[in-house]
Each structure stands twice: as C-alpha cells, then as structure tokens.
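Written out below as structure tokens is the structure these notes cover.
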Amino acid sequence: MKETQEIRAKAKVFWEGGLKTRGVIRGFEVETDKPKSSFGTNTAAAPMEVFISAIGSCLLATFVWVVLKSRITIQDCNVDVKAFTDYSEKIEKITKAKITLTVWAEEKDKNNLEKCFDISVKTCTLTGAVSFPIERIFQFKIDR
C-alpha cells in the first residue's frame with residue numbers, strides 16, 4: 001500500500017486585478033475578493049469564507065454519503081461554520097472553527113445519525129486536514 005498518493009486535486013488561480021482572484025478547478029471557477037474594509041471591491045467571497053465553506057461542504061457531503069450507505073432516511077441537512085479569528089500578531093489567523101451540522105429526520109434515527117456524524121468527522125478529508133493550531137468544535141443537532 002502506498003503511503004502517499006498521486007496528486008488528485010489541483011487548482012490554478014489567476015489574479016483578476018486588485019485583490020480579486022479566479023481559481024479554476026476541473027473546469028469550475030471560484031472567484032474570491034476581499035471586503036471593501038480590507039481594500040477589496042467586495043465582488044466575491046473572501047478566501048477565508050471560501051475556505052470555511054469548503055470545510056462545511058466536505059463535512060456535509062461526507063455525512064450524507066455515510067447516511068446513504070447506512071440506509072437512513074433524512075429530510076434535509078445543513079452545516080453552519082463560524083470562524084473565530086485573532087489579530088494579535090497583526091495578521092488575521094483563524095483560531096477556532098465552530099461547525100454545527102443540523103439534520104431533519106425522525107427522532108427514532110437519532111442514535112444512528114449521531115454515529116454517522118462521528119464517522120463523518122473522523123473521515124472527512126478537510127476536517128481531518130485542518131488541525132494546525134485551530135480549535136475545532138463539532139456539534140450535531142437533529143430536528144424534525
């Protein structure tokens with residue numbers, strides 16, 4: 001078994017002027033910009049916002065995949081990601097991420113869905129990769 005794998009994900013990022021960028025990923029485009037308060041033009045999400053959205057997207061997709069494999073029925077689900085930042089070193093750093101997954105499902109499935117959530121947190125590519133000094137707080141909620 002290989003310890004490392006060939007590159008599976010790559011992106012090319014182009015400068016679009018000012019603080020705006022355009023990333024190309026498998027033919028899909030992702031734009032970023034900074035808010036006007038940070039000298040951007042506020043025409044796209046900031047890179048940090050795209051980063052935390054990617055973390056939430058990865059966890060949500062992993063959770064749904066685990067749920068589908070477990071043959072559990074859910075009505076809906078979403079992830080809310082809040083990043084806490086620190087400016088003490090005169091540069092913005094994410095210090096904590098509060099990640100809450102909410103699922104709408106039957107109460108009878110709660111224990112199995114919590115297990116699916118735990119598996120998702122452990123196996124999600126991005127939540128496992130983001131461990132540099134960021135405190136991660138995971139929460140699970142079920143709603144009907």
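Letters A, B, ... go to the chains of the structure tokens in the order shown; residues in each chain start at 1; ligands are counted from 1 in the same order.
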
Which parts of segment 2-35 of chain A does DSSP call strand (DSSP E) when run on the backbone here, written out as a PDB file with N, CA and C atoms, in the first residue's frame?
ATOM      1  N   LYS A  12      -5.697  26.098 -10.339  1.00  0.00           N
ATOM      2  CA  LYS A  12      -4.854  27.165 -10.856  1.00  0.00           C
ATOM      3  C   LYS A  12      -5.589  28.454 -10.542  1.00  0.00           C
ATOM      4  N   VAL A  13      -4.883  29.413  -9.960  1.00  0.00           N
ATOM      5  CA  VAL A  13      -5.505  30.652  -9.515  1.00  0.00           C
ATOM      6  C   VAL A  13      -4.896  31.817 -10.285  1.00  0.00           C
ATOM      7  N   PHE A  14      -5.771  32.657 -10.811  1.00  0.00           N
ATOM      8  CA  PHE A  14      -5.365  33.803 -11.617  1.00  0.00           C
ATOM      9  C   PHE A  14      -5.704  35.102 -10.899  1.00  0.00           C
ATOM     10  N   TRP A  15      -4.830  36.073 -11.005  1.00  0.00           N
ATOM     11  CA  TRP A  15      -5.074  37.395 -10.457  1.00  0.00           C
ATOM     12  C   TRP A  15      -5.970  38.149 -11.418  1.00  0.00           C
ATOM     13  N   THR A  21      -9.362  37.273  -7.275  1.00  0.00           N
ATOM     14  CA  THR A  21      -8.743  36.124  -7.926  1.00  0.00           C
ATOM     15  C   THR A  21      -9.825  35.261  -8.567  1.00  0.00           C
ATOM     16  N   ARG A  22      -9.390  34.429  -9.492  1.00  0.00           N
ATOM     17  CA  ARG A  22     -10.271  33.445 -10.121  1.00  0.00           C
ATOM     18  C   ARG A  22      -9.530  32.127 -10.131  1.00  0.00           C
ATOM     19  N   GLY A  23     -10.065  31.154  -9.421  1.00  0.00           N
ATOM     20  CA  GLY A  23      -9.476  29.824  -9.389  1.00  0.00           C
ATOM     21  C   GLY A  23     -10.206  28.913 -10.349  1.00  0.00           C
ATOM     22  N   VAL A  24      -9.456  28.052 -11.007  1.00  0.00           N
ATOM     23  CA  VAL A  24     -10.053  27.070 -11.912  1.00  0.00           C
ATOM     24  C   VAL A  24      -9.733  25.686 -11.365  1.00  0.00           C
ATOM     25  N   ILE A  25     -10.799  24.933 -11.120  1.00  0.00           N
ATOM     26  CA  ILE A  25     -10.694  23.599 -10.537  1.00  0.00           C
ATOM     27  C   ILE A  25     -11.509  22.660 -11.414  1.00  0.00           C
ATOM     28  N   PHE A  28     -14.232  24.217 -13.258  1.00  0.00           N
ATOM     29  CA  PHE A  28     -15.134  25.054 -12.475  1.00  0.00           C
ATOM     30  C   PHE A  28     -14.371  26.275 -11.986  1.00  0.00           C
ATOM     31  N   GLU A  29     -15.055  27.404 -11.909  1.00  0.00           N
ATOM     32  CA  GLU A  29     -14.397  28.630 -11.469  1.00  0.00           C
ATOM     33  C   GLU A  29     -14.886  29.058 -10.092  1.00  0.00           C
ATOM     34  N   VAL A  30     -13.944  29.530  -9.300  1.00  0.00           N
ATOM     35  CA  VAL A  30     -14.236  30.065  -7.970  1.00  0.00           C
ATOM     36  C   VAL A  30     -13.556  31.420  -7.869  1.00  0.00           C
ATOM     37  N   GLU A  31     -14.351  32.453  -7.649  1.00  0.00           N
ATOM     38  CA  GLU A  31     -13.787  33.791  -7.500  1.00  0.00           C
ATOM     39  C   GLU A  31     -13.673  34.146  -6.028  1.00  0.00           C
ATOM     40  N   THR A  32     -12.655  34.920  -5.707  1.00  0.00           N
ATOM     41  CA  THR A  32     -12.536  35.477  -4.365  1.00  0.00           C
ATOM     42  C   THR A  32     -12.186  36.953  -4.482  1.00  0.00           C
TER      43      THR A  32
END

Next on the checklist: Need to verify the contact set: Cys77 of chain A, 12 Å, only C-alpha atoms, exclusion of same-chain residues closer than 3 positions in sequence. Can you return it as a ChimeraX atom specification?
Outcome noted: /A:56-57,59-64,67,73-74,80,100-105,113,117,140-144

Next on the checklist: as an NGL selection string, please: the residues near Phe84 of chain A (cut-off 6 Å, only C-alpha atoms, same-chain neighbours under 2 positions excluded).
Outcome noted: :A and (94-96)

Next on the checklist: Using only C-alpha atoms, can you tell me which of A:Cys58, A:Leu68, A:Ile91, A:Val79 comes closest to Thr123 of chain A?
Outcome noted: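 Closest candidate: A:Cys58.
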
Next on the checklist: Measuring between only C-alpha atoms, which one of A:Leu19, A:Ile99, A:Cys116, A:Cys124 shows the shortest distance to Gln139 of chain A?
Outcome noted: A:Ile99

Next on the checklist: Taking only segment 33-138 of chain A into account, list the residues labelled alpha helix (DSSP H) by DSSP (computed from the backbone), as an MDAnalysis selection string.
Outcome noted: chainID A and resid 47:69 110:123 125:129

Item to check | Residue nearest Phe51 of chain A among A:Arg71, A:Arg26, A:Lys82, A:Lys36 (counting only C-alpha atoms) | outcome: A:Lys82

Item to check | Among listed residues A:Glu92, A:Lys10, A:Lys20, A:Ile72, nearest Met48 of chain A (using only C-alpha atoms) | outcome: A:Glu92

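Nearest to Lys98 of chain A of all the residues A:Ala129, A:Asn112, A:Gln75, A:Ile137 is A:Ile137, counting only C-alpha atoms.
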